[in-house]
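Just start.cif here, mmCIF, C-alpha atoms (C1' of nucleotides):
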```cif
data_start
#
loop_
_atom_site.group_PDB
_atom_site.id
_atom_site.type_symbol
_atom_site.label_atom_id
_atom_site.label_comp_id
_atom_site.auth_asym_id
_atom_site.auth_seq_id
_atom_site.Cartn_x
_atom_site.Cartn_y
_atom_site.Cartn_z
ATOM 1 C CA MET A 20 9.431 -9.915 22.306
ATOM 2 C CA SER A 21 7.954 -11.763 25.252
ATOM 3 C CA LYS A 22 4.875 -13.845 24.826
ATOM 4 C CA ILE A 23 2.505 -13.119 22.016
ATOM 5 C CA LYS A 24 -1.204 -13.039 22.624
ATOM 6 C CA GLU A 25 -2.645 -15.959 20.772
ATOM 7 C CA THR A 26 -6.114 -14.507 20.578
ATOM 8 C CA SER A 27 -5.123 -11.297 18.840
ATOM 9 C CA THR A 28 -5.903 -10.498 15.251
ATOM 10 C CA ASN A 29 -2.253 -9.803 14.749
ATOM 11 C CA PHE A 30 -1.357 -13.314 15.805
ATOM 12 C CA ALA A 31 -3.982 -14.801 13.531
ATOM 13 C CA ASN A 32 -2.763 -12.739 10.615
ATOM 14 C CA LYS A 33 0.837 -13.733 11.158
ATOM 15 C CA GLN A 34 -0.146 -17.366 11.381
ATOM 16 C CA ALA A 35 -2.233 -17.260 8.258
ATOM 17 C CA LEU A 36 0.432 -15.518 6.250
ATOM 18 C CA ALA A 37 3.203 -17.740 7.479
ATOM 19 C CA ASP A 38 1.147 -20.780 6.701
ATOM 20 C CA GLU A 39 0.604 -20.010 3.081
ATOM 21 C CA CYS A 40 3.691 -18.022 2.392
ATOM 22 C CA PRO A 41 7.102 -19.502 3.203
ATOM 23 C CA GLU A 42 8.905 -16.226 2.587
ATOM 24 C CA VAL A 43 6.815 -14.555 5.255
ATOM 25 C CA TYR A 44 7.406 -17.497 7.544
ATOM 26 C CA ALA A 45 11.120 -17.044 7.002
ATOM 27 C CA ALA A 46 10.920 -13.328 7.543
ATOM 28 C CA ASN A 47 9.155 -13.856 10.849
ATOM 29 C CA ILE A 48 11.974 -16.028 12.031
ATOM 30 C CA ILE A 49 14.871 -13.795 11.177
ATOM 31 C CA GLY A 50 13.027 -10.553 11.519
ATOM 32 C CA GLY A 51 13.798 -9.157 14.928
ATOM 33 C CA GLN A 52 15.613 -5.916 15.412
ATOM 34 C CA TRP A 53 18.915 -7.647 16.056
ATOM 35 C CA SER A 54 18.508 -11.120 14.614
ATOM 36 C CA ILE A 55 20.114 -10.399 11.318
ATOM 37 C CA VAL A 56 23.193 -8.762 12.768
ATOM 38 C CA ILE A 57 23.586 -11.585 15.205
ATOM 39 C CA CYS A 58 23.409 -14.118 12.418
ATOM 40 C CA SER A 59 25.825 -12.079 10.359
ATOM 41 C CA TRP A 60 28.381 -12.243 13.117
ATOM 42 C CA LEU A 61 27.829 -15.904 13.802
ATOM 43 C CA ILE A 62 28.263 -16.751 10.134
ATOM 44 C CA ASN A 63 31.975 -16.335 10.810
ATOM 45 C CA GLY A 64 31.963 -18.839 13.646
ATOM 46 C CA LYS A 65 30.735 -19.272 17.167
ATOM 47 C CA LEU A 66 30.850 -16.524 19.735
ATOM 48 C CA ARG A 67 30.271 -16.128 23.425
ATOM 49 C CA PHE A 68 27.528 -14.004 24.909
ATOM 50 C CA GLY A 69 29.988 -11.320 25.908
ATOM 51 C CA GLU A 70 31.677 -11.319 22.537
ATOM 52 C CA LEU A 71 28.392 -10.799 20.788
ATOM 53 C CA LYS A 72 27.603 -8.031 23.195
ATOM 54 C CA LYS A 73 30.836 -6.266 22.358
ATOM 55 C CA ARG A 74 30.101 -6.490 18.667
ATOM 56 C CA LEU A 75 26.589 -5.093 19.110
ATOM 57 C CA PRO A 76 27.547 -1.934 20.954
ATOM 58 C CA ASN A 77 24.170 -0.557 21.887
ATOM 59 C CA ILE A 78 22.265 -3.696 22.606
ATOM 60 C CA THR A 79 21.046 -4.278 26.109
ATOM 61 C CA GLU A 80 21.726 -7.593 27.731
ATOM 62 C CA ARG A 81 18.052 -8.251 27.915
ATOM 63 C CA MET A 82 17.551 -7.725 24.200
ATOM 64 C CA LEU A 83 20.520 -9.882 23.360
ATOM 65 C CA THR A 84 19.168 -12.632 25.569
ATOM 66 C CA LEU A 85 15.694 -12.372 24.073
ATOM 67 C CA GLN A 86 16.928 -12.496 20.511
ATOM 68 C CA LEU A 87 19.252 -15.379 21.204
ATOM 69 C CA ARG A 88 16.432 -17.280 22.848
ATOM 70 C CA LYS A 89 14.170 -16.682 19.912
ATOM 71 C CA LEU A 90 16.828 -17.806 17.459
ATOM 72 C CA GLU A 91 17.481 -20.832 19.590
ATOM 73 C CA GLU A 92 13.804 -21.721 19.755
ATOM 74 C CA ASN A 93 13.678 -21.515 16.015
ATOM 75 C CA LYS A 94 16.747 -23.691 15.756
ATOM 76 C CA ILE A 95 18.829 -21.121 13.981
ATOM 77 C CA ILE A 96 21.484 -21.196 16.657
ATOM 78 C CA SER A 97 22.639 -23.648 19.266
ATOM 79 C CA ARG A 98 23.681 -22.845 22.780
ATOM 80 C CA THR A 99 26.495 -24.587 24.553
ATOM 81 C CA ILE A 100 26.989 -24.062 28.251
ATOM 82 C CA TYR A 101 30.335 -24.796 29.851
ATOM 83 C CA ALA A 102 30.128 -25.675 33.505
ATOM 84 C CA GLU A 103 32.696 -23.126 34.576
ATOM 85 C CA VAL A 104 32.921 -20.143 36.812
ATOM 86 C CA PRO A 105 32.593 -17.513 35.625
ATOM 87 C CA PRO A 106 30.054 -18.934 33.224
ATOM 88 C CA LYS A 107 30.801 -19.478 29.588
ATOM 89 C CA VAL A 108 28.179 -19.915 26.931
ATOM 90 C CA GLU A 109 28.786 -20.245 23.261
ATOM 91 C CA TYR A 110 26.401 -19.603 20.437
ATOM 92 C CA GLU A 111 26.738 -21.120 17.019
ATOM 93 C CA LEU A 112 24.601 -21.296 13.948
ATOM 94 C CA THR A 113 22.925 -24.610 13.268
ATOM 95 C CA LYS A 114 22.947 -26.249 9.885
ATOM 96 C CA ILE A 115 19.811 -24.492 8.777
ATOM 97 C CA GLY A 116 21.186 -21.355 10.348
ATOM 98 C CA TYR A 117 24.270 -21.479 8.178
ATOM 99 C CA GLU A 118 22.001 -21.849 5.203
ATOM 100 C CA LEU A 119 20.945 -18.271 5.731
ATOM 101 C CA LYS A 120 24.299 -17.248 4.351
ATOM 102 C CA PRO A 121 23.246 -16.720 0.736
ATOM 103 C CA ILE A 122 20.233 -14.769 1.892
ATOM 104 C CA LEU A 123 22.365 -12.512 4.027
ATOM 105 C CA LYS A 124 24.750 -12.010 1.121
ATOM 106 C CA LEU A 125 21.953 -11.058 -1.223
ATOM 107 C CA LEU A 126 20.349 -8.784 1.321
ATOM 108 C CA GLU A 127 23.702 -7.148 1.800
ATOM 109 C CA SER A 128 24.334 -6.432 -1.823
ATOM 110 C CA TRP A 129 20.773 -5.370 -2.455
ATOM 111 C CA GLY A 130 21.030 -3.055 0.531
ATOM 112 C CA GLU A 131 24.222 -1.516 -0.747
ATOM 113 C CA LYS A 132 22.749 -0.975 -4.133
ATOM 114 C CA HIS A 133 19.612 0.561 -2.738
ATOM 115 C CA LYS A 134 21.545 2.772 -0.396
ATOM 116 C CA ALA A 135 23.582 4.071 -3.292
ATOM 117 C CA LEU A 136 20.386 4.830 -5.166
ATOM 118 C CA ASP A 137 18.905 7.086 -2.598
ATOM 119 C CA GLY A 138 21.726 8.399 -0.563
ATOM 120 C CA GLU A 139 19.926 11.353 0.865
ATOM 121 C CA LYS A 140 17.023 9.876 2.812
ATOM 122 C CA SER A 141 16.942 7.454 5.708
ATOM 123 C CA ALA A 142 15.392 4.043 5.480
ATOM 124 C CA PHE A 143 12.542 4.404 7.889
ATOM 125 C CA MET D 27 3.929 2.347 11.459
ATOM 126 C CA SER D 28 3.194 6.059 11.751
ATOM 127 C CA LYS D 29 6.004 8.469 12.449
ATOM 128 C CA ILE D 30 9.035 7.250 14.278
ATOM 129 C CA LYS D 31 10.411 9.266 17.136
ATOM 130 C CA GLU D 32 13.791 10.512 16.089
ATOM 131 C CA THR D 33 15.007 11.035 19.619
ATOM 132 C CA SER D 34 14.414 7.475 20.759
ATOM 133 C CA THR D 35 17.113 4.982 21.459
ATOM 134 C CA ASN D 36 15.363 2.656 19.121
ATOM 135 C CA PHE D 37 15.737 5.117 16.276
ATOM 136 C CA ALA D 38 19.399 5.659 17.043
ATOM 137 C CA ASN D 39 20.047 1.939 17.184
ATOM 138 C CA LYS D 40 18.313 1.324 13.896
ATOM 139 C CA GLN D 41 20.231 4.129 12.266
ATOM 140 C CA ALA D 42 23.548 2.918 13.556
ATOM 141 C CA LEU D 43 22.925 -0.646 12.490
ATOM 142 C CA ALA D 44 21.605 0.316 9.088
ATOM 143 C CA ASP D 45 24.588 2.563 8.539
ATOM 144 C CA GLU D 46 27.185 -0.073 9.042
ATOM 145 C CA CYS D 47 25.234 -3.077 7.980
ATOM 146 C CA PRO D 48 23.567 -3.147 4.554
ATOM 147 C CA GLU D 49 21.681 -6.331 5.296
ATOM 148 C CA VAL D 50 20.016 -4.682 8.259
ATOM 149 C CA TYR D 51 19.302 -1.633 6.160
ATOM 150 C CA ALA D 52 17.637 -3.907 3.620
ATOM 151 C CA ALA D 53 15.708 -5.743 6.284
ATOM 152 C CA ASN D 54 14.363 -2.463 7.634
ATOM 153 C CA ILE D 55 13.034 -1.593 4.229
ATOM 154 C CA ILE D 56 11.235 -4.798 3.446
ATOM 155 C CA GLY D 57 10.470 -5.716 7.000
ATOM 156 C CA GLY D 58 6.907 -4.731 7.719
ATOM 157 C CA GLN D 59 4.220 -7.232 8.529
ATOM 158 C CA TRP D 60 2.852 -7.171 5.010
ATOM 159 C CA SER D 61 5.645 -5.789 2.859
ATOM 160 C CA ILE D 62 6.988 -9.100 1.761
ATOM 161 C CA VAL D 63 3.643 -10.506 0.688
ATOM 162 C CA ILE D 64 2.858 -7.340 -1.168
ATOM 163 C CA CYS D 65 6.139 -7.526 -3.026
ATOM 164 C CA SER D 66 5.578 -11.191 -3.720
ATOM 165 C CA TRP D 67 2.300 -10.390 -5.418
ATOM 166 C CA LEU D 68 3.680 -7.450 -7.322
ATOM 167 C CA ILE D 69 6.564 -9.517 -8.626
ATOM 168 C CA ASN D 70 4.018 -10.933 -11.065
ATOM 169 C CA GLY D 71 3.014 -7.537 -12.351
ATOM 170 C CA LYS D 72 1.180 -4.426 -11.312
ATOM 171 C CA LEU D 73 -1.992 -4.483 -9.291
ATOM 172 C CA ARG D 74 -4.624 -2.042 -8.181
ATOM 173 C CA PHE D 75 -5.284 -1.203 -4.565
ATOM 174 C CA GLY D 76 -8.427 -3.273 -4.510
ATOM 175 C CA GLU D 77 -6.784 -6.207 -6.193
ATOM 176 C CA LEU D 78 -4.053 -6.245 -3.610
ATOM 177 C CA LYS D 79 -6.655 -6.046 -0.910
ATOM 178 C CA LYS D 80 -8.435 -9.093 -2.280
ATOM 179 C CA ARG D 81 -5.220 -11.056 -2.334
ATOM 180 C CA LEU D 82 -4.388 -10.146 1.259
ATOM 181 C CA PRO D 83 -7.598 -11.311 2.831
ATOM 182 C CA ASN D 84 -7.221 -10.068 6.359
ATOM 183 C CA ILE D 85 -5.450 -6.821 5.783
ATOM 184 C CA THR D 86 -7.239 -3.640 6.720
ATOM 185 C CA GLU D 87 -7.295 -0.776 4.295
ATOM 186 C CA ARG D 88 -5.323 1.271 6.734
ATOM 187 C CA MET D 89 -2.541 -1.260 6.943
ATOM 188 C CA LEU D 90 -2.431 -1.721 3.219
ATOM 189 C CA THR D 91 -2.190 2.001 2.708
ATOM 190 C CA LEU D 92 0.533 2.370 5.289
ATOM 191 C CA GLN D 93 2.629 -0.419 3.854
ATOM 192 C CA LEU D 94 2.217 0.810 0.315
ATOM 193 C CA ARG D 95 3.241 4.287 1.408
ATOM 194 C CA LYS D 96 6.310 2.974 3.107
ATOM 195 C CA LEU D 97 7.284 0.916 0.094
ATOM 196 C CA GLU D 98 6.719 3.890 -2.123
ATOM 197 C CA GLU D 99 8.830 6.147 0.066
ATOM 198 C CA ASN D 100 11.577 3.611 -0.143
ATOM 199 C CA LYS D 101 11.201 3.459 -3.884
ATOM 200 C CA ILE D 102 10.344 -0.193 -3.971
ATOM 201 C CA ILE D 103 7.061 0.443 -5.700
ATOM 202 C CA SER D 104 5.619 3.169 -7.856
ATOM 203 C CA ARG D 105 2.119 4.522 -7.710
ATOM 204 C CA THR D 106 0.129 5.550 -10.736
ATOM 205 C CA ILE D 107 -3.090 7.438 -10.301
ATOM 206 C CA TYR D 108 -5.644 7.486 -13.079
ATOM 207 C CA ALA D 109 -7.869 10.530 -13.100
ATOM 208 C CA GLU D 110 -11.066 8.547 -13.174
ATOM 209 C CA VAL D 111 -14.117 8.145 -11.081
ATOM 210 C CA PRO D 112 -14.265 5.903 -9.226
ATOM 211 C CA PRO D 113 -10.544 6.231 -8.609
ATOM 212 C CA LYS D 114 -8.016 3.815 -10.001
ATOM 213 C CA VAL D 115 -4.528 3.476 -8.639
ATOM 214 C CA GLU D 116 -1.934 1.010 -9.759
ATOM 215 C CA TYR D 117 1.079 -0.206 -7.901
ATOM 216 C CA GLU D 118 4.110 -1.639 -9.547
ATOM 217 C CA LEU D 119 7.554 -2.622 -8.426
ATOM 218 C CA THR D 120 10.348 -0.293 -9.406
ATOM 219 C CA LYS D 121 13.580 -1.512 -10.903
ATOM 220 C CA ILE D 122 15.212 -1.959 -7.528
ATOM 221 C CA GLY D 123 11.975 -3.467 -6.327
ATOM 222 C CA TYR D 124 12.089 -6.158 -8.947
ATOM 223 C CA GLU D 125 15.619 -6.886 -7.863
ATOM 224 C CA LEU D 126 14.177 -8.277 -4.667
ATOM 225 C CA LYS D 127 13.071 -11.278 -6.658
ATOM 226 C CA PRO D 128 16.067 -13.522 -5.946
ATOM 227 C CA ILE D 129 15.864 -12.630 -2.281
ATOM 228 C CA LEU D 130 12.213 -13.569 -2.133
ATOM 229 C CA LYS D 131 12.958 -16.811 -3.916
ATOM 230 C CA LEU D 132 15.700 -17.717 -1.498
ATOM 231 C CA LEU D 133 13.611 -16.743 1.497
ATOM 232 C CA GLU D 134 10.857 -18.896 0.144
ATOM 233 C CA SER D 135 12.928 -21.996 -0.295
ATOM 234 C CA TRP D 136 14.718 -21.489 2.983
ATOM 235 C CA GLY D 137 11.360 -21.072 4.658
ATOM 236 C CA GLU D 138 10.024 -24.243 3.147
ATOM 237 C CA LYS D 139 13.061 -26.161 4.205
ATOM 238 C CA HIS D 140 12.921 -24.808 7.711
ATOM 239 C CA LYS D 141 9.241 -25.498 8.003
ATOM 240 C CA ALA D 142 9.807 -29.075 6.986
ATOM 241 C CA LEU D 143 12.489 -29.392 9.631
ATOM 242 C CA ASP D 144 10.319 -28.471 12.520
ATOM 243 C CA GLY D 145 6.835 -29.184 11.510
ATOM 244 C CA GLU D 146 5.380 -29.354 14.939
ATOM 245 C CA LYS D 147 6.005 -25.905 16.408
ATOM 246 C CA SER D 148 4.945 -22.490 15.178
ATOM 247 C CA ALA D 149 7.414 -19.850 14.188
ATOM 248 C CA PHE D 150 6.724 -17.254 16.808
ATOM 249 C "C1'" DG J 18 -32.123 12.210 -4.489
ATOM 250 C "C1'" DA J 19 -30.435 7.703 -2.540
ATOM 251 C "C1'" DC J 20 -26.937 4.417 -3.433
ATOM 252 C "C1'" DA J 21 -22.851 2.115 -5.211
ATOM 253 C "C1'" DT J 22 -17.954 2.199 -6.309
ATOM 254 C "C1'" DT J 23 -12.905 3.026 -5.231
ATOM 255 C "C1'" DA J 24 -9.068 4.476 -2.824
ATOM 256 C "C1'" DC J 25 -8.246 6.360 0.526
ATOM 257 C "C1'" DT J 26 -8.089 9.306 5.718
ATOM 258 C "C1'" DT J 27 -8.802 10.059 10.610
ATOM 259 C "C1'" DA J 28 -9.217 9.159 15.491
ATOM 260 C "C1'" DC J 29 -8.591 5.925 18.719
ATOM 261 C "C1'" DA J 30 -7.484 1.348 20.980
ATOM 262 C "C1'" DT J 31 -4.733 -2.615 21.531
ATOM 263 C "C1'" DT J 32 -0.789 -5.457 20.975
ATOM 264 C "C1'" DT J 33 4.007 -6.184 20.328
ATOM 265 C "C1'" DT J 34 8.688 -4.817 20.549
ATOM 266 C "C1'" DT J 35 12.357 -2.430 22.524
ATOM 267 C "C1'" DT J 36 14.743 0.037 26.186
ATOM 268 C "C1'" DA J 37 16.018 1.185 31.191
ATOM 269 C "C1'" DT J 38 17.492 -0.152 35.491
ATOM 270 C "C1'" DA J 39 18.554 -3.033 38.874
ATOM 271 C "C1'" DG J 40 19.291 -7.152 40.527
ATOM 272 C "C1'" DT J 41 21.167 -12.702 40.888
ATOM 273 C "C1'" DA J 42 24.611 -16.797 41.353
ATOM 274 C "C1'" DC J 43 28.910 -18.548 41.298
ATOM 275 C "C1'" DC J 44 33.750 -18.777 42.387
ATOM 276 C "C1'" DC J 45 38.309 -16.521 42.299
ATOM 277 C "C1'" DT J 46 41.592 -13.050 43.742
ATOM 278 C "C1'" DA J 47 43.429 -9.508 46.618
ATOM 279 C "C1'" DT C 14 35.539 -9.789 53.248
ATOM 280 C "C1'" DA C 15 35.142 -6.790 49.314
ATOM 281 C "C1'" DG C 16 35.263 -6.664 44.563
ATOM 282 C "C1'" DG C 17 35.515 -8.621 39.820
ATOM 283 C "C1'" DG C 18 34.009 -11.344 35.973
ATOM 284 C "C1'" DT C 19 30.118 -13.777 33.189
ATOM 285 C "C1'" DA C 20 25.697 -14.703 31.703
ATOM 286 C "C1'" DC C 21 21.949 -14.030 32.764
ATOM 287 C "C1'" DT C 22 16.569 -12.553 35.134
ATOM 288 C "C1'" DA C 23 12.785 -9.350 36.837
ATOM 289 C "C1'" DT C 24 10.057 -5.452 36.500
ATOM 290 C "C1'" DA C 25 8.558 -1.402 34.532
ATOM 291 C "C1'" DA C 26 8.012 1.879 31.092
ATOM 292 C "C1'" DA C 27 8.462 3.831 26.505
ATOM 293 C "C1'" DA C 28 7.977 3.398 21.706
ATOM 294 C "C1'" DA C 29 6.405 1.294 17.566
ATOM 295 C "C1'" DA C 30 3.368 -1.517 14.892
ATOM 296 C "C1'" DT C 31 -1.052 -3.147 14.060
ATOM 297 C "C1'" DG C 32 -6.119 -3.242 14.325
ATOM 298 C "C1'" DT C 33 -11.130 -1.160 14.697
ATOM 299 C "C1'" DA C 34 -14.480 1.675 13.136
ATOM 300 C "C1'" DA C 35 -16.120 5.285 10.888
ATOM 301 C "C1'" DG C 36 -15.958 8.796 7.416
ATOM 302 C "C1'" DT C 37 -14.597 11.386 2.767
ATOM 303 C "C1'" DA C 38 -14.801 12.763 -2.343
ATOM 304 C "C1'" DA C 39 -16.265 12.370 -6.949
ATOM 305 C "C1'" DT C 40 -19.202 10.572 -10.351
ATOM 306 C "C1'" DG C 41 -22.441 7.364 -12.514
ATOM 307 C "C1'" DT C 42 -26.670 4.609 -12.118
ATOM 308 C "C1'" DC C 43 -31.394 3.653 -10.469
#
```
Please render this file's structure as structure tokens.
Amino acid sequence: MSKIKETSTNFANKQALADECPEVYAANIIGGQWSIVICSWLINGKLRFGELKKRLPNITERMLTLQLRKLEENKIISRTIYAEVPPKVEYELTKIGYELKPILKLLESWGEKHKALDGEKSAF
Amino acid sequence: MSKIKETSTNFANKQALADECPEVYAANIIGGQWSIVICSWLINGKLRFGELKKRLPNITERMLTLQLRKLEENKIISRTIYAEVPPKVEYELTKIGYELKPILKLLESWGEKHKALDGEKSAF
DNA sequence: GACATTACTTACATTTTTTATAGTACCCTA
DNA sequence: TAGGGTACTATAAAAAATGTAAGTAATGTC
């Protein structure tokens, strides 16, 4: 996360690929370590920061914040702040965010199928 | 790439998520910088190492090798070596690899739609 | 015998992502 | 006035992914 170095080869490569290849562009957007799980949870409706945190047991607050910010920047989720104390912030998928649903479904069933295929080894 | 450290928190987190979340498991498998483009090319039929390289203009041979190895380990592609000189190696999607097709399609159209939505800013 | 071809490998450097740890602000309650 | 709850931020360090540059093996051609 954090800022990417716009002079790096890596940046240039990502740009180039994303430019000519919408599926790579899409993958860049939803491809953080936690993005997909976050979206999966939000598909069922909005959640508060703390609620998300509870559902993502091992995530650090920093990571959760970073991923949410990235998703927000990319307009996958919206952030609503309630002027209360203690603070309350809700996250919800945007329209285009909700449109990830079929992709998540497919990924899920493909994943299950693949997992069944090679039960013994890990995915990394 | 390279070997992942099995004692790291990162490894544990990935494991845990992949275990309970098939879509994350799937994303881990197809989620390298170049994996998706490679699969996109191979969807149209098998290709040799050098042919892939030509189609992925800025990829280094090292990266291509690494990604192909990872895909092969995960049984997304198969590797056929011809006992010739100079060497000839062909890569082809496996059955489960070909089943990524609908996912790639959806990612592609979602990507296009998203890109149209926010034309001005980059995706990173 | 030098050179080209192909599909790699190796050592090393840099960049990017993820984790760890410790704060902050605000108000309410005890 | 101390402590609790919520949603963060700052800084540093570790880990992972990617890139750079050079080399290898085997054979055929010049």
(message) If we count only C-alpha atoms (C1' of nucleotides) and set the cut-off at 8 Å, which residues sit around range 19-25 of chain J, ignoring sequence neighbours fewer than 2 positions away in its own chain? Please answer as number ranges by chain.
(response) D: 75-76, 91, 111-115
(request) Write out as number ranges by chain the residues lying within 12 Å of DT35 in chain J, counting only C-alpha atoms (C1' of nucleotides) and excluding same-chain residues fewer than 6 positions away. (result) A: 20-21, 51-53, 77-83, 85-86; D: 34-37, 39-40; C: 26-30
Save out the residues we just selected, C-alpha atoms (C1' of nucleotides), as a PDB file, keeping the file's coordinate frame.
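out.pdb was written with the following content:
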```
ATOM      1  CA  MET A  20       9.431  -9.915  22.306  1.00  0.00           C
ATOM      2  CA  SER A  21       7.954 -11.763  25.252  1.00  0.00           C
ATOM      3  CA  GLY A  51      13.798  -9.157  14.928  1.00  0.00           C
ATOM      4  CA  GLN A  52      15.613  -5.916  15.412  1.00  0.00           C
ATOM      5  CA  TRP A  53      18.915  -7.647  16.056  1.00  0.00           C
ATOM      6  CA  ASN A  77      24.170  -0.557  21.887  1.00  0.00           C
ATOM      7  CA  ILE A  78      22.265  -3.696  22.606  1.00  0.00           C
ATOM      8  CA  THR A  79      21.046  -4.278  26.109  1.00  0.00           C
ATOM      9  CA  GLU A  80      21.726  -7.593  27.731  1.00  0.00           C
ATOM     10  CA  ARG A  81      18.052  -8.251  27.915  1.00  0.00           C
ATOM     11  CA  MET A  82      17.551  -7.725  24.200  1.00  0.00           C
ATOM     12  CA  LEU A  83      20.520  -9.882  23.360  1.00  0.00           C
ATOM     13  CA  LEU A  85      15.694 -12.372  24.073  1.00  0.00           C
ATOM     14  CA  GLN A  86      16.928 -12.496  20.511  1.00  0.00           C
TER      15      GLN A  86
ATOM     16  CA  SER D  34      14.414   7.475  20.759  1.00  0.00           C
ATOM     17  CA  THR D  35      17.113   4.982  21.459  1.00  0.00           C
ATOM     18  CA  ASN D  36      15.363   2.656  19.121  1.00  0.00           C
ATOM     19  CA  PHE D  37      15.737   5.117  16.276  1.00  0.00           C
ATOM     20  CA  ASN D  39      20.047   1.939  17.184  1.00  0.00           C
ATOM     21  CA  LYS D  40      18.313   1.324  13.896  1.00  0.00           C
TER      22      LYS D  40
ATOM     23  C1'  DA C  26       8.012   1.879  31.092  1.00  0.00           C
ATOM     24  C1'  DA C  27       8.462   3.831  26.505  1.00  0.00           C
ATOM     25  C1'  DA C  28       7.977   3.398  21.706  1.00  0.00           C
ATOM     26  C1'  DA C  29       6.405   1.294  17.566  1.00  0.00           C
ATOM     27  C1'  DA C  30       3.368  -1.517  14.892  1.00  0.00           C
TER      28       DA C  30
END
```
Within 7 Å of chain A, which residues of chain C come that close, and what is the closest atom pair and distance in Å for each? Count all atoms listed in the file and give it as a Markdown table.
```
| residue | atom | partner | partner_atom | distance |
| --- | --- | --- | --- | --- |
| C:DG18 | C1' | A:Pro105 | CA | 6.3 |
| C:DT19 | C1' | A:Pro105 | CA | 5.1 |
| C:DA20 | C1' | A:Pro106 | CA | 6.3 |
| C:DT31 | C1' | A:Asn29 | CA | 6.8 |
```
(request) Name the residues captured by the PyMOL selection byres ((chain J and resi 28) around 10) when it is applied to the shown file; answer as a list in words. (result)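 In the shown coordinates, the PyMOL selection byres ((chain J and resi 28) around 10) covers DT26, DT27, DC29 and DA30 of chain J; DA34 and DA35 of chain C.
Among A:Thr113, A:Ser97, A:Asn47, A:Asn63, the residue with the shortest atom-to-atom distance to chain D, counting all atoms listed in the file, is A:Asn47.
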(request) Starting from the displayed file, determine the output of the PyMOL selection byres ((chain J) within 10 of (chain A)) and express the residue list as a list in words. (result)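 Checking the PyMOL selection byres ((chain J) within 10 of (chain A)) against this file, the residues are DT31, DT32, DT33, DT34, DT35, DT36, DA37, DA42, DC43, DC44 and DC45 of chain J.
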(message) My list of candidates is D:Ile103, D:Leu126, D:Ala142, D:Leu94. Which is closest to chain A when distances are computed with only C-alpha atoms?
(response)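 Counting only C-alpha atoms, the residue closest to chain A is D:Leu126.
Computed from the coordinates, the CA of Tyr51 in chain D to C1' of DC21 in chain C distance equals 29.5 Å.
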(request) Identify every residue of chain A that has at least one atom within 6 Å of any atom of chain D, counting all atoms listed in the file, and report the result as a PyMOL selection string. (result) chain A and resi 41-42+45+126-127+130-131
(message) Between CA of Arg98 in chain A and CA of Leu61 in chain A, what distance in Å does the model show, to one decimal?
(response) 12.1 Å
(message) Could you list, as a list in words, every residue matched by the PyMOL selection byres ((chain C and resi 15) around 12) in this structure?
(response)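 Expected selection for the PyMOL selection byres ((chain C and resi 15) around 12) here is DT46 and DA47 of chain J; DT14, DG16 and DG17 of chain C.
Going from CA of Leu97 in chain D to CA of Cys65 in chain D covers 9.1 Å.
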(message) Calculated over only C-alpha atoms (C1' of nucleotides), which of the candidates C:DT37, C:DC43, C:DT22, C:DG32 has the smallest distance to DG40 in chain J?
(response) C:DT22
